[in-house]
Amino acid sequence: MEISYKYIRTKELMSLDIVLKNAKIFTSSGPIEGDIGIKDGKIVKIGDIQEQYIKTIDLSGKYVIPGLIDGHTHMEFPFMSEITADDFYYGTKASIAGGVTTIVDFVTPSHGQDLISAYEKWRGNADPKVVSDYGLHMIIREINSNVLEQIPSVINKGVVSFKLFMAYKNELMLPDGDLYKLIKKISDFGGVTGIHAENGEIINELIQEFLKEGKVEPIYHYYSRPDILEIEATNRIASIASLVGKDVKMYIVHTSTGEAVDIISNYRKMGYKFFNETTPHYLTLNTEMLKRPDAFRYVMSPPLRSDEQRTKLWYRLASGDIFTIGSDHCVYSDLQKKRHMEKVPPFNEIPNGVPGTETILPLLYYFGVKKGIISMERFIEVTSLNPAKLFGLYPQKGTIMPGSDADFAIIDPEKKVRISPDVLHSNIDYTIYDGVEVEGWNVMTMRRGEIVYEEGQVIGKKGSGKYIPGKTPIMM
Ligand code: URP
Ligand code: ZN
Ligand code: ZN
Ligand code: ZN
């Protein structure tokens with residue numbers, strides 16, 4: 001790697017810790033000329049830095065962008081009878097290697113558990129292990145005795161975003177009445193409601209029909225969750241949320257259809273604060289994956305869709321209609337995906353979820369920016385600025401300006417990489433992007449002024465990441 005270090009001795013008092021020199025700096029509002037001066041983990045100066053400093057990093061030929069914020073990860077997630085294979089150490093090592101300096105993970109209470117003790121459990125799991133910084137969302141799976149009363153205390157802990165499920169019947173799904181009550185309560189206290197929008201009742205009917213007919217292969221995961229069931233659920237939740245009022249802040253997570261994006265965009269044009277997230281896998285993979293011998297690895301919800309839908313998503317990403325990219329990193333080993341059996345289990349028993357936090361940057365950069373579909377500014381907006389605003393982390397995170405944390409991904413725009421498990425850091429031995437060739441790769445990650453990844457190695461220490469409490473989200 002061409003990154004070189006130069007140490008300059010000076011008898012003067014050192015006013016800066018590190019200076020990043022000669023890089024092309026990109027922000028969501030365009031490129032900036034100059035150097036970045038860092039002190040105590042913060043950006044203190046941008047421009048031509050002439051004063052004496054102790055350490056410079058020469059980044060000629062590299063791009064410096066804000067560290068990515070992956071607003072959608074499931075580390076140590078108990079779901080569909082398994083706990084995801086990436087704990088907060090492996091998972092955030094993968095994030096850091098991919099230029100993601102902050103993740104926002106989902107506190108997932110167990111049945112009957114109160115929200116605050118679930119929050120404390122997640123802090124206990126994450127704090128000793130995280131390499132990246134992290135924030136938390138709260139999943140609400142049921143309205144038990146004190147859930148509604150606990151929402152303000154949850155927000156006070158810095159958990160300002162929630163996730164409610166319209167699918168996964170008998171596990172996480174909520175009825176419309178509960179969705180309404182929760183959106184109202186969350187909104188009253190300034191929180192953001194994230195929604196998994198698929199019609200879980202009808203999906204359950206379709207699953208039962210296929211199983212009865214002996215149709216158990218992974219492709220039936222797709223047939224049991226047709227596009228229209230995401231579109232219907234998105235329309236329904238937008239109607240319910242609009243009834244609550246114009247103050248509601250809502251985003252639909254992992255949107256996989258152009259039509260669902262359009263529903264939300266139309267509400268936004270009417271003044272509602274509704275947004276969409278999509279994921280790199282909906283942009284780069286299609287339903288054909290569910291016909292491969294290793295199709296079980298590609299089971300996630302909503303399912304991978306047609307190339308026509310992929311194209312619609314790229315257009316909406318380019319136009320600004322899609323607000324954020326999150327990975328939905330939810331990793332299961334082959335053994336877990338097969339539920340510890342020789343044969344692949346029926347499609348409805350395969351734990352849902354795929355890896356993704358480490359490959360957001362190369363996939364979106366290569367297939368989006370390099371291919372000329374989205375601008376660099378747009379790339380930065382959806383991967384750092386917008387998630388920071390949506391989850392109350394801005395301006396500490398999500399931007400390059402004086403006062404913000406010195407969190408950077410440093411891209412070598414020419415570096416060619418063939419993706420394989422060997423170049424990735426998750427606690428599994430496969431990748432759903434095996435053999436995909438990209439140009440442009442994260443070669444160094446800086447988190448609060450510290451180099452935590454370089455030359456393929458994560459050097460950030462276990463537990464060195466910090467919990468970043470969210471504040472009231474800023475929406476457009
Ligand atoms: O298949 C997925 N998406 N697994 C993770 C849980 C969720 O719905 O986000
Ligand atoms: Zn979901
Ligand atoms: Zn998810
Ligand atoms: Zn298991």
# chains A, B, ... in the order shown; residues from 1 in each chain; ligands from 1

$ residues_around --residues "Leu424 (chain A)" --least-positions-apart "2" --cutoff "9 Å" --atoms "only C-alpha atoms" --output "list in words"
Ala94, Ala97, Gly98, Glu358, Thr359, Ile419, Ser420, Pro421, Asp422, Ser426, Thr431 and Gly456 of chain A

$ residues_near_ligand --ligand "ligand 2" --cutoff "8 Å" --atoms "only C-alpha atoms and all ligand atoms" --output "list of chain:residue names"
A:Phe165, A:Ile195, A:His196, A:Ala197, A:Val253, A:His254, A:Ser301, A:Pro302, A:Asp328

$ write_last_selection --atoms "C-alpha atoms" --output "mmCIF file, in the first residue's frame"
data_model
loop_
_atom_site.group_PDB
_atom_site.id
_atom_site.type_symbol
_atom_site.label_atom_id
_atom_site.label_comp_id
_atom_site.auth_asym_id
_atom_site.auth_seq_id
_atom_site.Cartn_x
_atom_site.Cartn_y
_atom_site.Cartn_z
ATOM 1 C CA PHE A 165 -42.707 -5.430 12.360
ATOM 2 C CA ILE A 195 -41.083 -0.297 9.925
ATOM 3 C CA HIS A 196 -40.551 -3.741 8.440
ATOM 4 C CA ALA A 197 -43.302 -3.464 5.840
ATOM 5 C CA VAL A 253 -36.383 -0.278 6.496
ATOM 6 C CA HIS A 254 -34.889 -2.535 3.794
ATOM 7 C CA SER A 301 -36.828 -10.739 4.063
ATOM 8 C CA PRO A 302 -38.078 -9.080 1.986
ATOM 9 C CA ASP A 328 -29.268 -5.342 7.390
#

$ residues_near_ligand --ligand "ligand 4" --cutoff "8 Å" --atoms "only C-alpha atoms and all ligand atoms" --output "compact mmCIF listing (two decimals) with N, CA and C atoms, in the first residue's frame"
# COMPACT_ATOMS: atom_id res chain seq x y z
N SER A 81 -34.93 -19.06 16.07
CA SER A 81 -34.27 -20.15 16.82
C SER A 81 -32.75 -20.12 16.78
N GLU A 82 -32.15 -19.08 16.26
CA GLU A 82 -30.69 -18.99 16.21
C GLU A 82 -30.26 -17.61 16.72
N ILE A 83 -29.00 -17.53 17.14
CA ILE A 83 -28.42 -16.21 17.47
C ILE A 83 -27.37 -15.92 16.41
N LEU A 335 -24.23 -23.86 8.98
CA LEU A 335 -24.83 -24.78 9.94
C LEU A 335 -26.13 -24.21 10.52
N GLN A 336 -26.08 -22.93 10.85
CA GLN A 336 -27.28 -22.28 11.40
C GLN A 336 -28.36 -22.14 10.33
N ARG A 339 -30.11 -25.11 10.05
CA ARG A 339 -30.65 -25.53 11.34
C ARG A 339 -30.02 -26.84 11.81
N HIS A 340 -28.72 -26.94 11.60
CA HIS A 340 -27.91 -28.07 12.08
C HIS A 340 -28.32 -29.40 11.46

$ residues_near_ligand --ligand "ligand 1" --cutoff "9 Å" --atoms "only C-alpha atoms and all ligand atoms" --output "PyMOL selection string"
chain A and resi 72-74+77+79+165+167-168+196+253-254+299-303+328-331+351-354

$ write_last_selection --atoms "C-alpha atoms" --output "PDB file, in the first residue's frame"
ATOM      1  CA  HIS A  72     -29.123  -1.475  10.225  1.00  0.00           C
ATOM      2  CA  THR A  73     -27.215  -4.339  11.872  1.00  0.00           C
ATOM      3  CA  HIS A  74     -28.216  -7.344  13.960  1.00  0.00           C
ATOM      4  CA  PHE A  77     -29.550 -11.218  17.360  1.00  0.00           C
ATOM      5  CA  PHE A  79     -34.178 -14.733  15.771  1.00  0.00           C
ATOM      6  CA  PHE A 165     -42.707  -5.430  12.360  1.00  0.00           C
ATOM      7  CA  ALA A 167     -44.331  -9.502   9.246  1.00  0.00           C
ATOM      8  CA  TYR A 168     -42.887 -12.609  10.994  1.00  0.00           C
ATOM      9  CA  HIS A 196     -40.551  -3.741   8.440  1.00  0.00           C
ATOM     10  CA  VAL A 253     -36.383  -0.278   6.496  1.00  0.00           C
ATOM     11  CA  HIS A 254     -34.889  -2.535   3.794  1.00  0.00           C
ATOM     12  CA  VAL A 299     -32.765 -16.142   2.274  1.00  0.00           C
ATOM     13  CA  MET A 300     -33.642 -12.779   3.770  1.00  0.00           C
ATOM     14  CA  SER A 301     -36.828 -10.739   4.063  1.00  0.00           C
ATOM     15  CA  PRO A 302     -38.078  -9.080   1.986  1.00  0.00           C
ATOM     16  CA  PRO A 303     -36.650 -11.530  -0.581  1.00  0.00           C
ATOM     17  CA  ASP A 328     -29.268  -5.342   7.390  1.00  0.00           C
ATOM     18  CA  HIS A 329     -26.175  -7.308   8.454  1.00  0.00           C
ATOM     19  CA  CYS A 330     -27.683 -10.448   9.990  1.00  0.00           C
ATOM     20  CA  VAL A 331     -25.218 -13.300   9.682  1.00  0.00           C
ATOM     21  CA  PRO A 351     -33.167 -18.156   9.514  1.00  0.00           C
ATOM     22  CA  ASN A 352     -33.631 -14.919   7.546  1.00  0.00           C
ATOM     23  CA  GLY A 353     -30.640 -12.662   7.052  1.00  0.00           C
ATOM     24  CA  VAL A 354     -27.411 -12.059   5.143  1.00  0.00           C
TER      25      VAL A 354
END

$ select_by_dssp --residues "region 14-260 of chain A" --states "alpha helix (DSSP H)" --output "PyMOL selection string"
chain A and resi 88-97+115-126+147-156+176-188+200-212+219-223+227-244+258-260

$ residues_around --residues "region 110-123 of chain A" --least-positions-apart "5" --cutoff "12 Å" --atoms "only C-alpha atoms" --output "PyMOL selection string"
chain A and resi 74-79+87-88+104-105+128-130+134-159+162+170-172+463+465-469

$ write_last_selection --atoms "N, CA and C atoms" --output "compact mmCIF listing (two decimals), in the first residue's frame"
# COMPACT_ATOMS: atom_id res chain seq x y z
N HIS A 74 -27.69 -6.44 12.93
CA HIS A 74 -28.22 -7.34 13.96
C HIS A 74 -27.08 -8.21 14.49
N MET A 75 -26.30 -7.68 15.42
CA MET A 75 -25.25 -8.49 16.06
C MET A 75 -25.87 -9.23 17.25
N GLU A 76 -25.46 -10.47 17.45
CA GLU A 76 -25.96 -11.27 18.59
C GLU A 76 -27.48 -11.23 18.66
N PHE A 77 -28.10 -11.39 17.49
CA PHE A 77 -29.55 -11.22 17.36
C PHE A 77 -30.26 -12.56 17.52
N PRO A 78 -31.13 -12.69 18.51
CA PRO A 78 -31.87 -13.95 18.68
C PRO A 78 -33.11 -13.95 17.79
N PHE A 79 -33.09 -14.79 16.76
CA PHE A 79 -34.18 -14.73 15.77
C PHE A 79 -34.28 -16.08 15.08
N ASP A 87 -20.94 -11.68 16.65
CA ASP A 87 -21.20 -10.95 17.89
C ASP A 87 -20.71 -9.51 17.67
N PHE A 88 -20.73 -8.70 18.71
CA PHE A 88 -20.35 -7.29 18.51
C PHE A 88 -18.87 -7.13 18.16
N VAL A 104 -25.68 1.16 13.87
CA VAL A 104 -26.81 1.29 14.78
C VAL A 104 -27.49 -0.08 14.80
N ASP A 105 -27.44 -0.73 15.94
CA ASP A 105 -27.91 -2.10 16.09
C ASP A 105 -29.29 -2.10 16.79
N PRO A 128 -18.17 -4.17 25.84
CA PRO A 128 -16.82 -4.77 25.94
C PRO A 128 -16.26 -5.26 24.61
N LYS A 129 -17.07 -5.27 23.55
CA LYS A 129 -16.63 -5.92 22.30
C LYS A 129 -16.49 -4.99 21.10
N VAL A 130 -17.22 -3.89 21.08
CA VAL A 130 -17.27 -3.10 19.85
C VAL A 130 -15.94 -2.47 19.44
N TYR A 134 -21.11 2.88 18.18
CA TYR A 134 -22.44 2.33 17.89
C TYR A 134 -23.55 3.10 18.58
N GLY A 135 -24.69 3.06 17.94
CA GLY A 135 -25.93 3.54 18.55
C GLY A 135 -26.91 2.37 18.57
N LEU A 136 -28.07 2.60 19.16
CA LEU A 136 -29.06 1.52 19.27
C LEU A 136 -30.45 1.98 18.84
N HIS A 137 -31.17 1.06 18.20
CA HIS A 137 -32.62 1.19 17.99
C HIS A 137 -33.28 0.22 18.98
N MET A 138 -34.57 0.40 19.18
CA MET A 138 -35.32 -0.52 20.03
C MET A 138 -36.38 -1.23 19.21
N ILE A 139 -36.35 -2.56 19.21
CA ILE A 139 -37.44 -3.33 18.60
C ILE A 139 -38.56 -3.45 19.63
N ILE A 140 -39.78 -3.21 19.20
CA ILE A 140 -40.91 -3.49 20.09
C ILE A 140 -41.72 -4.63 19.46
N ARG A 141 -41.81 -5.74 20.17
CA ARG A 141 -42.45 -6.94 19.62
C ARG A 141 -43.83 -7.17 20.20
N GLU A 142 -44.17 -6.45 21.27
CA GLU A 142 -45.48 -6.64 21.91
C GLU A 142 -45.74 -5.44 22.81
N ILE A 143 -47.03 -5.20 23.03
CA ILE A 143 -47.37 -4.17 24.02
C ILE A 143 -47.72 -4.91 25.30
N ASN A 144 -46.73 -5.15 26.14
CA ASN A 144 -47.02 -5.77 27.44
C ASN A 144 -47.21 -4.66 28.46
N SER A 145 -47.32 -5.04 29.73
CA SER A 145 -47.80 -4.11 30.76
C SER A 145 -47.20 -2.70 30.69
N ASN A 146 -45.87 -2.59 30.54
CA ASN A 146 -45.31 -1.24 30.72
C ASN A 146 -44.53 -0.70 29.51
N VAL A 147 -44.73 -1.33 28.35
CA VAL A 147 -43.98 -0.90 27.17
C VAL A 147 -44.25 0.57 26.82
N LEU A 148 -45.53 0.94 26.79
CA LEU A 148 -45.85 2.31 26.37
C LEU A 148 -45.26 3.34 27.32
N GLU A 149 -45.32 3.03 28.63
CA GLU A 149 -44.78 3.98 29.62
C GLU A 149 -43.26 4.08 29.55
N GLN A 150 -42.62 3.03 29.04
CA GLN A 150 -41.15 3.03 29.03
C GLN A 150 -40.55 3.79 27.85
N ILE A 151 -41.36 4.09 26.85
CA ILE A 151 -40.80 4.72 25.64
C ILE A 151 -40.02 6.02 25.94
N PRO A 152 -40.57 6.93 26.78
CA PRO A 152 -39.77 8.14 27.07
C PRO A 152 -38.42 7.82 27.74
N SER A 153 -38.39 6.85 28.64
CA SER A 153 -37.10 6.51 29.30
C SER A 153 -36.12 5.91 28.29
N VAL A 154 -36.65 5.15 27.34
CA VAL A 154 -35.78 4.57 26.30
C VAL A 154 -35.16 5.71 25.48
N ILE A 155 -35.97 6.68 25.11
CA ILE A 155 -35.48 7.83 24.34
C ILE A 155 -34.44 8.60 25.15
N ASN A 156 -34.68 8.73 26.47
CA ASN A 156 -33.71 9.41 27.33
C ASN A 156 -32.35 8.73 27.38
N LYS A 157 -32.35 7.43 27.10
CA LYS A 157 -31.07 6.69 27.08
C LYS A 157 -30.35 6.87 25.74
N GLY A 158 -30.94 7.64 24.84
CA GLY A 158 -30.30 7.86 23.54
C GLY A 158 -30.77 6.88 22.47
N VAL A 159 -31.78 6.10 22.79
CA VAL A 159 -32.36 5.19 21.79
C VAL A 159 -33.58 5.90 21.21
N PHE A 162 -36.97 3.29 16.66
CA PHE A 162 -37.63 2.04 17.05
C PHE A 162 -37.86 1.22 15.80
N ASN A 170 -46.29 -14.60 14.61
CA ASN A 170 -45.97 -15.42 15.79
C ASN A 170 -44.55 -15.19 16.32
N GLU A 171 -43.80 -14.29 15.72
CA GLU A 171 -42.49 -13.99 16.31
C GLU A 171 -42.37 -12.50 16.62
N LEU A 172 -42.42 -11.65 15.62
CA LEU A 172 -42.22 -10.22 15.88
C LEU A 172 -43.39 -9.35 15.39
N GLY A 463 -13.56 -3.49 22.21
CA GLY A 463 -14.09 -2.65 23.29
C GLY A 463 -13.68 -1.19 23.19
N GLY A 465 -14.63 0.85 20.81
CA GLY A 465 -15.76 1.64 20.28
C GLY A 465 -16.58 2.23 21.42
N LYS A 466 -17.38 3.23 21.10
CA LYS A 466 -18.16 3.91 22.14
C LYS A 466 -19.64 3.89 21.79
N TYR A 467 -20.47 3.85 22.82
CA TYR A 467 -21.91 4.04 22.61
C TYR A 467 -22.15 5.53 22.37
N ILE A 468 -22.84 5.84 21.28
CA ILE A 468 -23.16 7.24 20.96
C ILE A 468 -24.66 7.42 21.12
N PRO A 469 -25.10 8.07 22.20
CA PRO A 469 -26.54 8.24 22.37
C PRO A 469 -27.12 9.14 21.29

$ select_by_dssp --residues "region 167-363 of chain A" --states "strand (DSSP E or B)" --output "ChimeraX atom specification"
/A:173,192-196,249-252,273-278,324-325,329,354

$ write_last_selection --atoms "C-alpha atoms" --output "compact mmCIF listing (two decimals), in the first residue's frame"
# COMPACT_ATOMS: atom_id res chain seq x y z
CA MET A 173 -45.36 -9.15 13.98
CA VAL A 192 -38.45 7.83 14.79
CA THR A 193 -40.40 4.70 13.89
CA GLY A 194 -38.75 2.18 11.59
CA ILE A 195 -41.08 -0.30 9.92
CA HIS A 196 -40.55 -3.74 8.44
CA LYS A 249 -41.10 10.57 11.70
CA MET A 250 -41.12 7.21 10.00
CA TYR A 251 -38.84 5.23 7.77
CA ILE A 252 -39.40 1.96 5.99
CA LYS A 273 -41.53 13.05 7.31
CA PHE A 274 -41.50 9.57 5.81
CA PHE A 275 -38.34 7.99 4.36
CA ASN A 276 -36.97 4.78 2.86
CA GLU A 277 -33.88 2.72 3.45
CA THR A 278 -32.65 0.12 1.00
CA THR A 324 -30.43 5.84 3.44
CA ILE A 325 -28.48 2.66 2.77
CA HIS A 329 -26.17 -7.31 8.45
CA VAL A 354 -27.41 -12.06 5.14

$ residues_around --residues "Ile411 (chain A)" --least-positions-apart "2" --cutoff "6 Å" --atoms "only C-alpha atoms" --output "list of chain:residue names"
A:Lys62, A:Tyr63, A:Pro413, A:Trp441, A:Asn442, A:Val443

$ write_last_selection --atoms "C-alpha atoms" --output "compact mmCIF listing (two decimals), in the first residue's frame"
# COMPACT_ATOMS: atom_id res chain seq x y z
CA LYS A 62 -6.80 8.42 -2.09
CA TYR A 63 -10.31 9.65 -1.34
CA PRO A 413 -10.41 4.36 -6.07
CA TRP A 441 -11.77 -0.41 -1.87
CA ASN A 442 -11.52 0.95 1.63
CA VAL A 443 -7.81 0.86 2.51

$ residues_around --residues "Ala23 (chain A)" --least-positions-apart "6" --cutoff "12 Å" --atoms "only C-alpha atoms" --output "MDAnalysis selection string"
chainID A and resid 3 31:36 46:48 56:65 408:413

$ residues_around --residues "Val44 (chain A)" --least-positions-apart "6" --cutoff "8 Å" --atoms "only C-alpha atoms" --output "ChimeraX atom specification"
/A:36-38,401-403

$ residues_around --residues "Gly368 (chain A)" --least-positions-apart "6" --cutoff "8 Å" --atoms "only C-alpha atoms" --output "JSON, numbers by chain"
{"A": [314, 374, 375, 379]}

$ write_last_selection --atoms "C-alpha atoms" --output "JSON list (two decimals), in the first residue's frame"
[["chain", "number", "residue", "atom", "x", "y", "z"],
["A", 314, "TRP", "CA", -31.04, 2.40, -8.57],
["A", 374, "ILE", "CA", -24.97, 7.97, -8.59],
["A", 375, "SER", "CA", -22.69, 10.86, -7.75],
["A", 379, "PHE", "CA", -23.09, 8.11, -2.11]]

$ closest_residue --among "A:Met376, A:Ile219, A:Ala406, A:Val417" --to "Lys39 (chain A)" --atoms "only C-alpha atoms"
A:Ala406

$ closest_residue --among "A:Thr101, A:Thr255, A:Leu363, A:Asp294" --to "ligand 3" --atoms "only C-alpha atoms and all ligand atoms"
A:Thr255

$ closest_residue --among "A:Arg305, A:Arg268, A:Lys343, A:Lys291" --to "Phe323 (chain A)" --atoms "only C-alpha atoms"
A:Arg268

$ closest_residue --among "A:Leu229, A:Leu179, A:Ile428, A:Val216" --to "Ile202 (chain A)" --atoms "only C-alpha atoms"
A:Leu229

$ closest_residue --among "A:Lys416, A:Lys42, A:Lys163, A:Lys184" --to "ligand 3" --atoms "only C-alpha atoms and all ligand atoms"
A:Lys163

$ closest_residue --among "A:Tyr394, A:Tyr267, A:Tyr453, A:Phe106" --to "ligand 3" --atoms "only C-alpha atoms and all ligand atoms"
A:Phe106

$ decode --residues "region 311-335 of chain A" --atoms "N, CA and C atoms" --output "mmCIF file, in the first residue's frame"
data_model
loop_
_atom_site.group_PDB
_atom_site.id
_atom_site.type_symbol
_atom_site.label_atom_id
_atom_site.label_comp_id
_atom_site.auth_asym_id
_atom_site.auth_seq_id
_atom_site.Cartn_x
_atom_site.Cartn_y
_atom_site.Cartn_z
ATOM 1 N N THR A 311 -33.395 -2.262 -10.934
ATOM 2 C CA THR A 311 -33.222 -1.038 -11.729
ATOM 3 C C THR A 311 -34.046 0.102 -11.137
ATOM 4 N N LYS A 312 -35.270 -0.213 -10.744
ATOM 5 C CA LYS A 312 -36.120 0.839 -10.149
ATOM 6 C C LYS A 312 -35.452 1.411 -8.896
ATOM 7 N N LEU A 313 -34.834 0.549 -8.100
ATOM 8 C CA LEU A 313 -34.183 1.032 -6.873
ATOM 9 C C LEU A 313 -32.994 1.933 -7.204
ATOM 10 N N TRP A 314 -32.190 1.547 -8.199
ATOM 11 C CA TRP A 314 -31.043 2.396 -8.575
ATOM 12 C C TRP A 314 -31.515 3.770 -9.014
ATOM 13 N N TYR A 315 -32.601 3.814 -9.821
ATOM 14 C CA TYR A 315 -33.123 5.115 -10.260
ATOM 15 C C TYR A 315 -33.534 5.970 -9.074
ATOM 16 N N ARG A 316 -34.178 5.333 -8.112
ATOM 17 C CA ARG A 316 -34.686 6.085 -6.960
ATOM 18 C C ARG A 316 -33.563 6.465 -5.988
ATOM 19 N N LEU A 317 -32.488 5.718 -6.018
ATOM 20 C CA LEU A 317 -31.323 6.090 -5.226
ATOM 21 C C LEU A 317 -30.682 7.333 -5.855
ATOM 22 N N ALA A 318 -30.587 7.313 -7.176
ATOM 23 C CA ALA A 318 -29.973 8.435 -7.891
ATOM 24 C C ALA A 318 -30.814 9.702 -7.761
ATOM 25 N N SER A 319 -32.139 9.563 -7.775
ATOM 26 C CA SER A 319 -33.015 10.746 -7.767
ATOM 27 C C SER A 319 -33.134 11.374 -6.384
ATOM 28 N N GLY A 320 -32.703 10.658 -5.352
ATOM 29 C CA GLY A 320 -32.843 11.198 -3.998
ATOM 30 C C GLY A 320 -34.079 10.675 -3.291
ATOM 31 N N ASP A 321 -34.842 9.809 -3.937
ATOM 32 C CA ASP A 321 -36.056 9.283 -3.306
ATOM 33 C C ASP A 321 -35.755 8.256 -2.221
ATOM 34 N N ILE A 322 -34.615 7.581 -2.313
ATOM 35 C CA ILE A 322 -34.191 6.684 -1.232
ATOM 36 C C ILE A 322 -33.264 7.477 -0.318
ATOM 37 N N PHE A 323 -33.534 7.423 0.973
ATOM 38 C CA PHE A 323 -32.883 8.319 1.927
ATOM 39 C C PHE A 323 -31.607 7.742 2.529
ATOM 40 N N THR A 324 -31.615 6.451 2.821
ATOM 41 C CA THR A 324 -30.426 5.844 3.440
ATOM 42 C C THR A 324 -30.156 4.444 2.874
ATOM 43 N N ILE A 325 -28.891 4.039 3.028
ATOM 44 C CA ILE A 325 -28.480 2.659 2.766
ATOM 45 C C ILE A 325 -28.041 2.059 4.096
ATOM 46 N N GLY A 326 -28.615 0.923 4.439
ATOM 47 C CA GLY A 326 -28.159 0.161 5.603
ATOM 48 C C GLY A 326 -27.898 -1.245 5.117
ATOM 49 N N SER A 327 -27.088 -2.006 5.860
ATOM 50 C CA SER A 327 -26.748 -3.329 5.308
ATOM 51 C C SER A 327 -27.748 -4.413 5.692
ATOM 52 N N ASP A 328 -28.467 -4.246 6.817
ATOM 53 C CA ASP A 328 -29.268 -5.342 7.390
ATOM 54 C C ASP A 328 -28.376 -6.556 7.671
ATOM 55 N N HIS A 329 -27.166 -6.262 8.145
ATOM 56 C CA HIS A 329 -26.175 -7.308 8.454
ATOM 57 C C HIS A 329 -26.743 -8.255 9.516
ATOM 58 N N CYS A 330 -27.004 -9.481 9.116
ATOM 59 C CA CYS A 330 -27.683 -10.448 9.990
ATOM 60 C C CYS A 330 -27.159 -11.811 9.571
ATOM 61 N N VAL A 331 -26.054 -12.219 10.202
ATOM 62 C CA VAL A 331 -25.218 -13.300 9.682
ATOM 63 C C VAL A 331 -25.499 -14.632 10.366
ATOM 64 N N TYR A 332 -25.747 -15.648 9.571
ATOM 65 C CA TYR A 332 -25.846 -17.015 10.088
ATOM 66 C C TYR A 332 -24.835 -17.889 9.361
ATOM 67 N N SER A 333 -24.200 -18.787 10.092
ATOM 68 C CA SER A 333 -23.288 -19.752 9.464
ATOM 69 C C SER A 333 -24.118 -20.727 8.626
ATOM 70 N N ASP A 334 -23.447 -21.490 7.760
ATOM 71 C CA ASP A 334 -24.152 -22.517 6.982
ATOM 72 C C ASP A 334 -24.899 -23.475 7.909
ATOM 73 N N LEU A 335 -24.227 -23.859 8.984
ATOM 74 C CA LEU A 335 -24.825 -24.784 9.944
ATOM 75 C C LEU A 335 -26.131 -24.210 10.516
#
